[in-house]
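S.K.: Structure incoming, see below.
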Amino acid sequence: MPPLLTSSSVPALPLAAWSRYRLRVAASNAASAPDGAGATARCTSTGGFPSFLPGAVERIRDGAAIRLAKRIERVPVQTSFSGSAISSSCVRPLKQQQDGDPVVLLHGFDSSVLEWRYTYPLLEEAGLEAWAVDILGWGFSDLETRPPCDVASKREHFYQFWKSYIKRPMVLVGPSLGAAVAIDFSVNYPEAVSKLIFIGASVYSEGPKDMTRMPKFVSYAGVFILKSLPLRFLATRLAFKKTPNEFFDWVQIGRLHCLLPWWEDATVDFMIRGGYNVINQIKQVKHKCLILWGEDDGIISSKLAYRLHQELPDAILRQVRQCGHIPHVEKPREAAKHVLEFLARNTSDKSDQSPSEPSDKSDQSPSEPSVVV
């Protein structure tokens, strides 16, 4: 559960800016308030957005987010734990290819496909078959029936999505907690994955164990804080090396999915069931891996990047300079460059690497291996 924030914890912002933003949020929340069936029943023909998105999407000014939001769609995914197919949100490629592995982009904890608004177009421009998929319980899927959102359910749901629509071994990309999702998935379904890419990987947490023993009303109180603007301000501020000019817009984009009527139930269900703990699965990963890390990540220590590099059997480590926790948002061109280079390289023969690009773990210190930026 996130800690309770005091006023001193919130990033310092000019009073005038706070006032402007409060007005924007008030208007945005008014536009997105559920009315019985919630946002799924609202027509947004004037903005061109899918009707199931919260009305607050029309308040977003970020051009890349607007373009990607208009491409979000829901597709049916049948699972064993739901009596009916789950209408699951994703961004599909404009054209599926026959050659080359598809690249499937997950997102971090309590996020959505909009996390990829800057990097997704770059991967498409490079000719990749790119998918962005919302993890069950987060994003913009229709969870009106309140399906379980524990780790096993997230895993099965994603597998059934892959089996129904992707159908080929994929390059699976997991940022932050999405890296734990990717590790858990690849260990259980290795045939579905060709390579793995981790970005600011959050894989050494043992999950919110304390919440499994708490009364439900306490869990809902914690989730209420998770949704709150002060925490979202703080999380956005901590996630980046520099406060972006689009700070207010980014906060709105990051919490847009929280405005769906089932978000609280889905998040509480995940947290009271223990969350992800993949520490013992890391060494079971057999795929080639890229570990990408922001040099100035203020959320996950870079020491954990070195540890992950040592524990994965076949991995290379790259850092992005002057970058925080989310390189694919803060430095999208550099993130895309590292992804493309990793996919193009022949990692089966590490002896071909130049001295400036060490990756052989036998030549590196156990505590702090060499890193290429």
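Chain labels follow the order of the structure tokens: the first chain is A, the next B, and so on; residue numbering restarts at 1 in every chain, and ligands are counted from 1 in their shown order.
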List the neighbours of Tyr118 of chain A out to 8 Å using only C-alpha atoms; skip same-chain residues closer than 5 positions along the sequence, and give me the result as an NGL selection string.
M.R.: :A and (64-65 or 328-329 or 332)
S.K.: At most 8 Å is the cut-off: for each residue in segment 88-181 of chain A with any atom that close to an atom of segment 67-84 of chain A, write down the nearest atom pair and the distance in Å rounded to one decimal, counting only C-alpha atoms, chain first then increasing number, as JSON lines.
M.R.:
{"residue": "A:Ser88", "atom": "CA", "partner": "A:Arg74", "partner_atom": "CA", "distance": 4.8}
{"residue": "A:Ser89", "atom": "CA", "partner": "A:Arg74", "partner_atom": "CA", "distance": 4.3}
{"residue": "A:Cys90", "atom": "CA", "partner": "A:Ile72", "partner_atom": "CA", "distance": 5.6}
{"residue": "A:Val91", "atom": "CA", "partner": "A:Ile72", "partner_atom": "CA", "distance": 4.9}
{"residue": "A:Arg92", "atom": "CA", "partner": "A:Ile72", "partner_atom": "CA", "distance": 7.8}
{"residue": "A:Leu114", "atom": "CA", "partner": "A:Leu68", "partner_atom": "CA", "distance": 6.8}
{"residue": "A:Arg117", "atom": "CA", "partner": "A:Leu68", "partner_atom": "CA", "distance": 5.9}
{"residue": "A:Ser141", "atom": "CA", "partner": "A:Arg74", "partner_atom": "CA", "distance": 6.7}
{"residue": "A:Pro147", "atom": "CA", "partner": "A:Ser82", "partner_atom": "CA", "distance": 6.2}
{"residue": "A:Pro148", "atom": "CA", "partner": "A:Phe81", "partner_atom": "CA", "distance": 7.5}
{"residue": "A:Ser153", "atom": "CA", "partner": "A:Phe81", "partner_atom": "CA", "distance": 7.5}
{"residue": "A:Glu156", "atom": "CA", "partner": "A:Thr79", "partner_atom": "CA", "distance": 7.0}
{"residue": "A:His157", "atom": "CA", "partner": "A:Thr79", "partner_atom": "CA", "distance": 6.2}
{"residue": "A:Gln160", "atom": "CA", "partner": "A:Val77", "partner_atom": "CA", "distance": 6.4}
{"residue": "A:Phe161", "atom": "CA", "partner": "A:Val77", "partner_atom": "CA", "distance": 5.8}
{"residue": "A:Ser164", "atom": "CA", "partner": "A:Val77", "partner_atom": "CA", "distance": 7.6}
S.K.: Could the residues in this selection be written to a file with all heavy atoms, as a short mmCIF file (atom, residue, chain, number, x, y, z; two decimals), in the first residue's frame?
M.R.:
data_model
loop_
_atom_site.label_atom_id
_atom_site.label_comp_id
_atom_site.auth_asym_id
_atom_site.auth_seq_id
_atom_site.Cartn_x
_atom_site.Cartn_y
_atom_site.Cartn_z
N SER A 88 -11.28 -7.12 -23.71
CA SER A 88 -9.94 -6.75 -23.25
C SER A 88 -9.32 -5.68 -24.14
O SER A 88 -9.33 -5.78 -25.36
CB SER A 88 -9.04 -7.99 -23.24
OG SER A 88 -9.66 -9.02 -22.47
N SER A 89 -8.76 -4.66 -23.49
CA SER A 89 -8.25 -3.50 -24.23
C SER A 89 -6.82 -3.69 -24.69
O SER A 89 -5.98 -4.26 -24.00
CB SER A 89 -8.36 -2.24 -23.37
OG SER A 89 -7.82 -2.46 -22.08
N CYS A 90 -6.54 -3.17 -25.88
CA CYS A 90 -5.21 -3.29 -26.47
C CYS A 90 -5.09 -2.30 -27.63
O CYS A 90 -6.08 -1.70 -28.07
CB CYS A 90 -4.95 -4.71 -26.97
SG CYS A 90 -6.01 -5.20 -28.36
N VAL A 91 -3.88 -2.16 -28.12
CA VAL A 91 -3.63 -1.47 -29.38
C VAL A 91 -3.01 -2.49 -30.32
O VAL A 91 -1.95 -3.06 -30.02
CB VAL A 91 -2.69 -0.26 -29.21
CG1 VAL A 91 -2.39 0.37 -30.57
CG2 VAL A 91 -3.30 0.77 -28.26
N ARG A 92 -3.69 -2.76 -31.42
CA ARG A 92 -3.20 -3.76 -32.36
C ARG A 92 -2.40 -3.11 -33.47
O ARG A 92 -2.64 -1.94 -33.82
CB ARG A 92 -4.39 -4.53 -32.96
CG ARG A 92 -5.12 -5.36 -31.94
CD ARG A 92 -5.85 -6.52 -32.60
NE ARG A 92 -7.16 -6.16 -33.10
CZ ARG A 92 -8.05 -7.04 -33.56
NH1 ARG A 92 -7.75 -8.33 -33.59
NH2 ARG A 92 -9.22 -6.64 -33.99
N LEU A 114 -1.43 3.52 -22.62
CA LEU A 114 -1.03 4.90 -22.92
C LEU A 114 0.38 5.21 -22.44
O LEU A 114 0.95 6.23 -22.82
CB LEU A 114 -2.03 5.88 -22.31
CG LEU A 114 -3.44 5.85 -22.91
CD1 LEU A 114 -4.35 6.84 -22.20
CD2 LEU A 114 -3.38 6.16 -24.41
N ARG A 117 2.77 5.82 -25.42
CA ARG A 117 2.33 6.81 -26.41
C ARG A 117 3.46 7.38 -27.25
O ARG A 117 3.24 7.76 -28.40
CB ARG A 117 1.57 7.94 -25.71
CG ARG A 117 2.37 8.64 -24.61
CD ARG A 117 1.45 9.52 -23.77
NE ARG A 117 2.12 10.18 -22.65
CZ ARG A 117 2.27 9.65 -21.45
NH1 ARG A 117 1.83 8.42 -21.22
NH2 ARG A 117 2.87 10.33 -20.48
N SER A 141 -9.91 -2.41 -20.05
CA SER A 141 -10.77 -3.57 -20.31
C SER A 141 -12.10 -3.43 -19.58
O SER A 141 -12.22 -2.70 -18.59
CB SER A 141 -10.07 -4.86 -19.87
OG SER A 141 -8.88 -5.07 -20.61
N PRO A 147 -14.15 -9.97 -12.66
CA PRO A 147 -13.40 -11.23 -12.65
C PRO A 147 -12.23 -11.13 -11.66
O PRO A 147 -11.80 -10.02 -11.32
CB PRO A 147 -12.90 -11.35 -14.09
CG PRO A 147 -12.78 -9.93 -14.55
CD PRO A 147 -13.93 -9.21 -13.91
N PRO A 148 -11.70 -12.26 -11.20
CA PRO A 148 -10.53 -12.20 -10.32
C PRO A 148 -9.35 -11.58 -11.05
O PRO A 148 -9.19 -11.77 -12.26
CB PRO A 148 -10.27 -13.67 -9.97
CG PRO A 148 -10.93 -14.45 -11.08
CD PRO A 148 -12.12 -13.64 -11.49
N SER A 153 -4.73 -15.30 -12.58
CA SER A 153 -5.75 -14.84 -13.55
C SER A 153 -5.14 -13.92 -14.59
O SER A 153 -5.46 -14.00 -15.78
CB SER A 153 -6.88 -14.13 -12.81
OG SER A 153 -7.52 -15.00 -11.90
N GLU A 156 -3.23 -16.25 -17.03
CA GLU A 156 -4.09 -16.99 -17.95
C GLU A 156 -4.74 -16.06 -18.98
O GLU A 156 -4.82 -16.39 -20.17
CB GLU A 156 -5.18 -17.75 -17.19
CG GLU A 156 -6.04 -18.58 -18.15
CD GLU A 156 -7.27 -19.18 -17.50
OE1 GLU A 156 -7.28 -19.33 -16.26
OE2 GLU A 156 -8.23 -19.49 -18.24
N HIS A 157 -5.19 -14.92 -18.51
CA HIS A 157 -5.83 -13.97 -19.42
C HIS A 157 -4.87 -13.55 -20.53
O HIS A 157 -5.24 -13.53 -21.71
CB HIS A 157 -6.30 -12.74 -18.63
CG HIS A 157 -6.81 -11.63 -19.50
ND1 HIS A 157 -6.02 -10.58 -19.92
CD2 HIS A 157 -8.05 -11.41 -20.04
CE1 HIS A 157 -6.74 -9.78 -20.68
NE2 HIS A 157 -7.96 -10.24 -20.77
N GLN A 160 -4.31 -16.44 -22.99
CA GLN A 160 -5.44 -16.62 -23.90
C GLN A 160 -5.49 -15.50 -24.94
O GLN A 160 -5.87 -15.73 -26.10
CB GLN A 160 -6.75 -16.70 -23.12
CG GLN A 160 -6.87 -17.93 -22.21
CD GLN A 160 -6.80 -19.24 -22.97
OE1 GLN A 160 -7.10 -19.31 -24.16
NE2 GLN A 160 -6.38 -20.30 -22.29
N PHE A 161 -5.11 -14.29 -24.55
CA PHE A 161 -5.01 -13.20 -25.51
C PHE A 161 -3.97 -13.55 -26.56
O PHE A 161 -4.21 -13.42 -27.77
CB PHE A 161 -4.62 -11.90 -24.79
CG PHE A 161 -4.47 -10.72 -25.71
CD1 PHE A 161 -5.53 -9.84 -25.92
CD2 PHE A 161 -3.28 -10.49 -26.41
CE1 PHE A 161 -5.40 -8.76 -26.80
CE2 PHE A 161 -3.13 -9.41 -27.28
CZ PHE A 161 -4.20 -8.55 -27.47
N SER A 164 -5.12 -16.34 -28.89
CA SER A 164 -6.21 -15.98 -29.79
C SER A 164 -5.80 -15.01 -30.88
O SER A 164 -6.31 -15.06 -32.01
CB SER A 164 -7.37 -15.37 -28.99
OG SER A 164 -7.88 -16.29 -28.07
#
S.K.: Considering only C-alpha atoms, state which residue in the set A:Gln281, A:Trp262, A:Phe224, A:Ala201 is at the smallest distance from Phe185 of chain A.
M.R.: A:Gln281
S.K.: Can you list every residue in segment 72-313 of chain A that DSSP puts in alpha helix (DSSP H), as a PyMOL selection string?
M.R.: chain A and resi 119-125+151-161+177-188+216-227+229-239+247-255+263-272+302-311
S.K.: For each of A:Val104, A:Leu290, A:Val339, A:Ile282, take the minimum atom-to-atom distance to Ile316 of chain A, counting only C-alpha atoms, then give the residue where this is smallest.
M.R.: A:Leu290
S.K.: List as a list in words the protein and nucleic acid residues near Arg321 of chain A, meaning an atom at most 7 Å away when only C-alpha atoms are counted, but skip any in the same chain fewer than 2 places from it.
M.R.: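 In the requested format, the answer is Gly294, Glu295, Gln319, Cys323 and Val373 of chain A.
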S.K.: Let me see the file: selected residues, all heavy atoms, as an mmCIF file, in the first residue's frame.
M.R.:
data_model
loop_
_atom_site.group_PDB
_atom_site.id
_atom_site.type_symbol
_atom_site.label_atom_id
_atom_site.label_comp_id
_atom_site.auth_asym_id
_atom_site.auth_seq_id
_atom_site.Cartn_x
_atom_site.Cartn_y
_atom_site.Cartn_z
ATOM 1 N N GLY A 294 17.053 3.482 -16.533
ATOM 2 C CA GLY A 294 17.341 4.901 -16.491
ATOM 3 C C GLY A 294 18.459 5.169 -15.491
ATOM 4 O O GLY A 294 18.395 4.702 -14.346
ATOM 5 N N GLU A 295 19.466 5.901 -15.911
ATOM 6 C CA GLU A 295 20.627 6.150 -15.061
ATOM 7 C C GLU A 295 20.236 6.838 -13.750
ATOM 8 O O GLU A 295 20.870 6.621 -12.712
ATOM 9 C CB GLU A 295 21.619 7.033 -15.824
ATOM 10 C CG GLU A 295 22.908 7.343 -15.097
ATOM 11 C CD GLU A 295 23.797 8.272 -15.910
ATOM 12 O OE1 GLU A 295 23.287 9.308 -16.383
ATOM 13 O OE2 GLU A 295 24.981 7.955 -16.084
ATOM 14 N N GLN A 319 22.051 1.255 -20.070
ATOM 15 C CA GLN A 319 21.496 2.376 -19.316
ATOM 16 C C GLN A 319 21.245 3.564 -20.225
ATOM 17 O O GLN A 319 21.940 3.757 -21.213
ATOM 18 C CB GLN A 319 22.435 2.782 -18.177
ATOM 19 C CG GLN A 319 22.301 1.909 -16.940
ATOM 20 C CD GLN A 319 23.006 2.496 -15.735
ATOM 21 O OE1 GLN A 319 23.824 3.408 -15.854
ATOM 22 N NE2 GLN A 319 22.702 1.976 -14.564
ATOM 23 N N CYS A 323 18.089 10.023 -17.238
ATOM 24 C CA CYS A 323 16.737 9.482 -17.425
ATOM 25 C C CYS A 323 16.284 8.806 -16.144
ATOM 26 O O CYS A 323 17.090 8.177 -15.439
ATOM 27 C CB CYS A 323 16.726 8.489 -18.583
ATOM 28 S SG CYS A 323 15.085 7.833 -18.976
ATOM 29 N N VAL A 373 25.914 2.737 -22.399
ATOM 30 C CA VAL A 373 24.878 3.761 -22.446
ATOM 31 C C VAL A 373 24.754 4.303 -23.851
ATOM 32 O O VAL A 373 25.614 4.092 -24.684
ATOM 33 C CB VAL A 373 25.200 4.913 -21.457
ATOM 34 C CG1 VAL A 373 25.111 4.405 -20.046
ATOM 35 C CG2 VAL A 373 26.562 5.493 -21.731
#
S.K.: Please return as an MDAnalysis selection string: the residues of segment 158-328 of chain A that backbone DSSP assigns to strand (DSSP E or B).
M.R.: chainID A and resid 170:175 193:199 288:294 315:320
S.K.: Selection from above, N, CA and C atoms, as a PDB file, in the first residue's frame, can you write it?
M.R.:
ATOM      1  N   MET A 170       6.760 -14.266 -29.226  1.00  0.00           N
ATOM      2  CA  MET A 170       6.823 -12.798 -29.207  1.00  0.00           C
ATOM      3  C   MET A 170       8.002 -12.299 -28.396  1.00  0.00           C
ATOM      4  N   VAL A 171       8.416 -11.080 -28.721  1.00  0.00           N
ATOM      5  CA  VAL A 171       9.356 -10.345 -27.879  1.00  0.00           C
ATOM      6  C   VAL A 171       8.497  -9.626 -26.848  1.00  0.00           C
ATOM      7  N   LEU A 172       8.635 -10.015 -25.603  1.00  0.00           N
ATOM      8  CA  LEU A 172       7.770  -9.490 -24.551  1.00  0.00           C
ATOM      9  C   LEU A 172       8.514  -8.401 -23.782  1.00  0.00           C
ATOM     10  N   VAL A 173       7.911  -7.216 -23.715  1.00  0.00           N
ATOM     11  CA  VAL A 173       8.538  -6.056 -23.091  1.00  0.00           C
ATOM     12  C   VAL A 173       7.776  -5.700 -21.820  1.00  0.00           C
ATOM     13  N   GLY A 174       8.485  -5.703 -20.681  1.00  0.00           N
ATOM     14  CA  GLY A 174       7.838  -5.411 -19.412  1.00  0.00           C
ATOM     15  C   GLY A 174       8.542  -4.295 -18.663  1.00  0.00           C
ATOM     16  N   PRO A 175       7.905  -3.132 -18.530  1.00  0.00           N
ATOM     17  CA  PRO A 175       8.480  -2.059 -17.724  1.00  0.00           C
ATOM     18  C   PRO A 175       8.003  -2.135 -16.277  1.00  0.00           C
ATOM     19  N   VAL A 193       7.214 -17.047 -25.938  1.00  0.00           N
ATOM     20  CA  VAL A 193       8.167 -15.936 -25.867  1.00  0.00           C
ATOM     21  C   VAL A 193       9.440 -16.276 -26.628  1.00  0.00           C
ATOM     22  N   SER A 194       9.951 -15.321 -27.399  1.00  0.00           N
ATOM     23  CA  SER A 194      11.237 -15.515 -28.081  1.00  0.00           C
ATOM     24  C   SER A 194      12.357 -14.756 -27.367  1.00  0.00           C
ATOM     25  N   LYS A 195      12.081 -13.525 -26.922  1.00  0.00           N
ATOM     26  CA  LYS A 195      13.049 -12.716 -26.185  1.00  0.00           C
ATOM     27  C   LYS A 195      12.299 -11.880 -25.152  1.00  0.00           C
ATOM     28  N   LEU A 196      13.058 -11.360 -24.191  1.00  0.00           N
ATOM     29  CA  LEU A 196      12.465 -10.540 -23.148  1.00  0.00           C
ATOM     30  C   LEU A 196      13.212  -9.215 -23.034  1.00  0.00           C
ATOM     31  N   ILE A 197      12.474  -8.154 -22.792  1.00  0.00           N
ATOM     32  CA  ILE A 197      13.065  -6.837 -22.545  1.00  0.00           C
ATOM     33  C   ILE A 197      12.455  -6.281 -21.265  1.00  0.00           C
ATOM     34  N   PHE A 198      13.323  -5.927 -20.320  1.00  0.00           N
ATOM     35  CA  PHE A 198      12.880  -5.373 -19.054  1.00  0.00           C
ATOM     36  C   PHE A 198      13.322  -3.915 -18.961  1.00  0.00           C
ATOM     37  N   ILE A 199      12.430  -3.050 -18.533  1.00  0.00           N
ATOM     38  CA  ILE A 199      12.723  -1.623 -18.415  1.00  0.00           C
ATOM     39  C   ILE A 199      12.442  -1.183 -16.981  1.00  0.00           C
ATOM     40  N   LYS A 288      16.821 -14.971 -24.140  1.00  0.00           N
ATOM     41  CA  LYS A 288      17.740 -13.836 -24.213  1.00  0.00           C
ATOM     42  C   LYS A 288      17.016 -12.592 -23.718  1.00  0.00           C
ATOM     43  N   CYS A 289      17.722 -11.790 -22.948  1.00  0.00           N
ATOM     44  CA  CYS A 289      17.076 -10.647 -22.299  1.00  0.00           C
ATOM     45  C   CYS A 289      17.880  -9.368 -22.479  1.00  0.00           C
ATOM     46  N   LEU A 290      17.163  -8.277 -22.601  1.00  0.00           N
ATOM     47  CA  LEU A 290      17.740  -6.940 -22.517  1.00  0.00           C
ATOM     48  C   LEU A 290      17.213  -6.291 -21.249  1.00  0.00           C
ATOM     49  N   ILE A 291      18.124  -5.747 -20.433  1.00  0.00           N
ATOM     50  CA  ILE A 291      17.752  -4.990 -19.242  1.00  0.00           C
ATOM     51  C   ILE A 291      18.057  -3.527 -19.536  1.00  0.00           C
ATOM     52  N   LEU A 292      17.028  -2.709 -19.551  1.00  0.00           N
ATOM     53  CA  LEU A 292      17.180  -1.284 -19.847  1.00  0.00           C
ATOM     54  C   LEU A 292      16.831  -0.502 -18.586  1.00  0.00           C
ATOM     55  N   TRP A 293      17.709   0.445 -18.239  1.00  0.00           N
ATOM     56  CA  TRP A 293      17.557   1.154 -16.966  1.00  0.00           C
ATOM     57  C   TRP A 293      17.848   2.631 -17.143  1.00  0.00           C
ATOM     58  N   GLY A 294      17.053   3.482 -16.533  1.00  0.00           N
ATOM     59  CA  GLY A 294      17.341   4.901 -16.491  1.00  0.00           C
ATOM     60  C   GLY A 294      18.459   5.169 -15.491  1.00  0.00           C
ATOM     61  N   ALA A 315      21.682 -12.341 -20.466  1.00  0.00           N
ATOM     62  CA  ALA A 315      21.165 -10.973 -20.476  1.00  0.00           C
ATOM     63  C   ALA A 315      22.259  -9.961 -20.754  1.00  0.00           C
ATOM     64  N   ILE A 316      21.880  -8.848 -21.363  1.00  0.00           N
ATOM     65  CA  ILE A 316      22.756  -7.692 -21.512  1.00  0.00           C
ATOM     66  C   ILE A 316      22.082  -6.505 -20.829  1.00  0.00           C
ATOM     67  N   LEU A 317      22.904  -5.582 -20.365  1.00  0.00           N
ATOM     68  CA  LEU A 317      22.423  -4.445 -19.594  1.00  0.00           C
ATOM     69  C   LEU A 317      22.787  -3.148 -20.289  1.00  0.00           C
ATOM     70  N   ARG A 318      21.819  -2.267 -20.436  1.00  0.00           N
ATOM     71  CA  ARG A 318      22.034  -0.958 -21.040  1.00  0.00           C
ATOM     72  C   ARG A 318      21.391   0.109 -20.164  1.00  0.00           C
ATOM     73  N   GLN A 319      22.051   1.255 -20.070  1.00  0.00           N
ATOM     74  CA  GLN A 319      21.496   2.376 -19.316  1.00  0.00           C
ATOM     75  C   GLN A 319      21.245   3.564 -20.225  1.00  0.00           C
ATOM     76  N   VAL A 320      20.241   4.350 -19.847  1.00  0.00           N
ATOM     77  CA  VAL A 320      19.906   5.577 -20.569  1.00  0.00           C
ATOM     78  C   VAL A 320      20.307   6.747 -19.677  1.00  0.00           C
TER      79      VAL A 320
END
S.K.: Under the rule that only C-alpha atoms are counted, which of A:Ala266, A:Cys258, A:Val203, A:Ile166 is the nearest residue to Lys154 of chain A?
M.R.: A:Ala266
S.K.: Find, counting only C-alpha atoms, the residue in A:Asp99, A:Asp269, A:Glu129, A:Asp134 that gets nearest to Glu115 of chain A.
M.R.: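 Smallest separation from Glu115 of chain A among the options: A:Asp134.
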S.K.: Fewer than 6 positions away in the same chain doesn't count, so skip those; otherwise give me all residues within 7 Å of segment 237-244 of chain A, counting only C-alpha atoms, as a ChimeraX atom specification.
M.R.: /A:11,296,298-299,322-326,330
S.K.: Which residue is closest to Ala221 of chain A? Choose from A:Ser302, A:Glu264, A:Ala132, A:Asn188 and count only C-alpha atoms.
M.R.: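 Smallest separation from Ala221 of chain A among the options: A:Glu264.
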S.K.: Using only C-alpha atoms, which residues sit within 12 Å of Asn280 of chain A once same-chain residues fewer than 4 positions away are excluded, as a VMD selection string?
M.R.: chain A and resid 180 183 to 184 187 203 to 206 276 284 to 285 308 311 to 312
S.K.: Restrict the selected residues to C-alpha atoms and save them as an mmCIF file, in the first residue's frame.
M.R.:
data_model
loop_
_atom_site.group_PDB
_atom_site.id
_atom_site.type_symbol
_atom_site.label_atom_id
_atom_site.label_comp_id
_atom_site.auth_asym_id
_atom_site.auth_seq_id
_atom_site.Cartn_x
_atom_site.Cartn_y
_atom_site.Cartn_z
ATOM 1 C CA ALA A 180 7.548 -9.303 -13.088
ATOM 2 C CA ILE A 183 9.046 -13.189 -16.005
ATOM 3 C CA ASP A 184 6.083 -15.031 -14.505
ATOM 4 C CA VAL A 187 8.529 -19.212 -17.075
ATOM 5 C CA VAL A 203 11.135 -7.823 -9.774
ATOM 6 C CA TYR A 204 12.552 -8.031 -6.245
ATOM 7 C CA SER A 205 9.429 -7.064 -4.334
ATOM 8 C CA GLU A 206 7.634 -9.800 -2.447
ATOM 9 C CA TYR A 276 3.769 -10.626 -7.704
ATOM 10 C CA GLN A 284 14.501 -20.063 -14.512
ATOM 11 C CA VAL A 285 14.267 -17.622 -17.424
ATOM 12 C CA LEU A 308 19.169 -8.873 -12.252
ATOM 13 C CA GLU A 311 20.948 -13.669 -12.054
ATOM 14 C CA LEU A 312 19.523 -13.924 -15.561
#
S.K.: Quick check, in Å to one decimal: how far apart do atom CA of Trp131 of chain A and atom CA of Asn245 of chain A lie?
M.R.: 28.0 Å
S.K.: Pick out the closest residue to Pro102 of chain A from this set: A:Gly127, A:Gly254, A:Phe140, A:Gly200. Count only C-alpha atoms.
M.R.: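 Selected residue with least distance to Pro102 of chain A: A:Gly127.
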S.K.: Work out how far apart atom CA of Gly48 of chain A and atom CA of Arg255 of chain A are and give it in Å to one decimal.
M.R.: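 Computing the Euclidean distance for atom CA of Gly48 of chain A and atom CA of Arg255 of chain A yields 20.2 Å.
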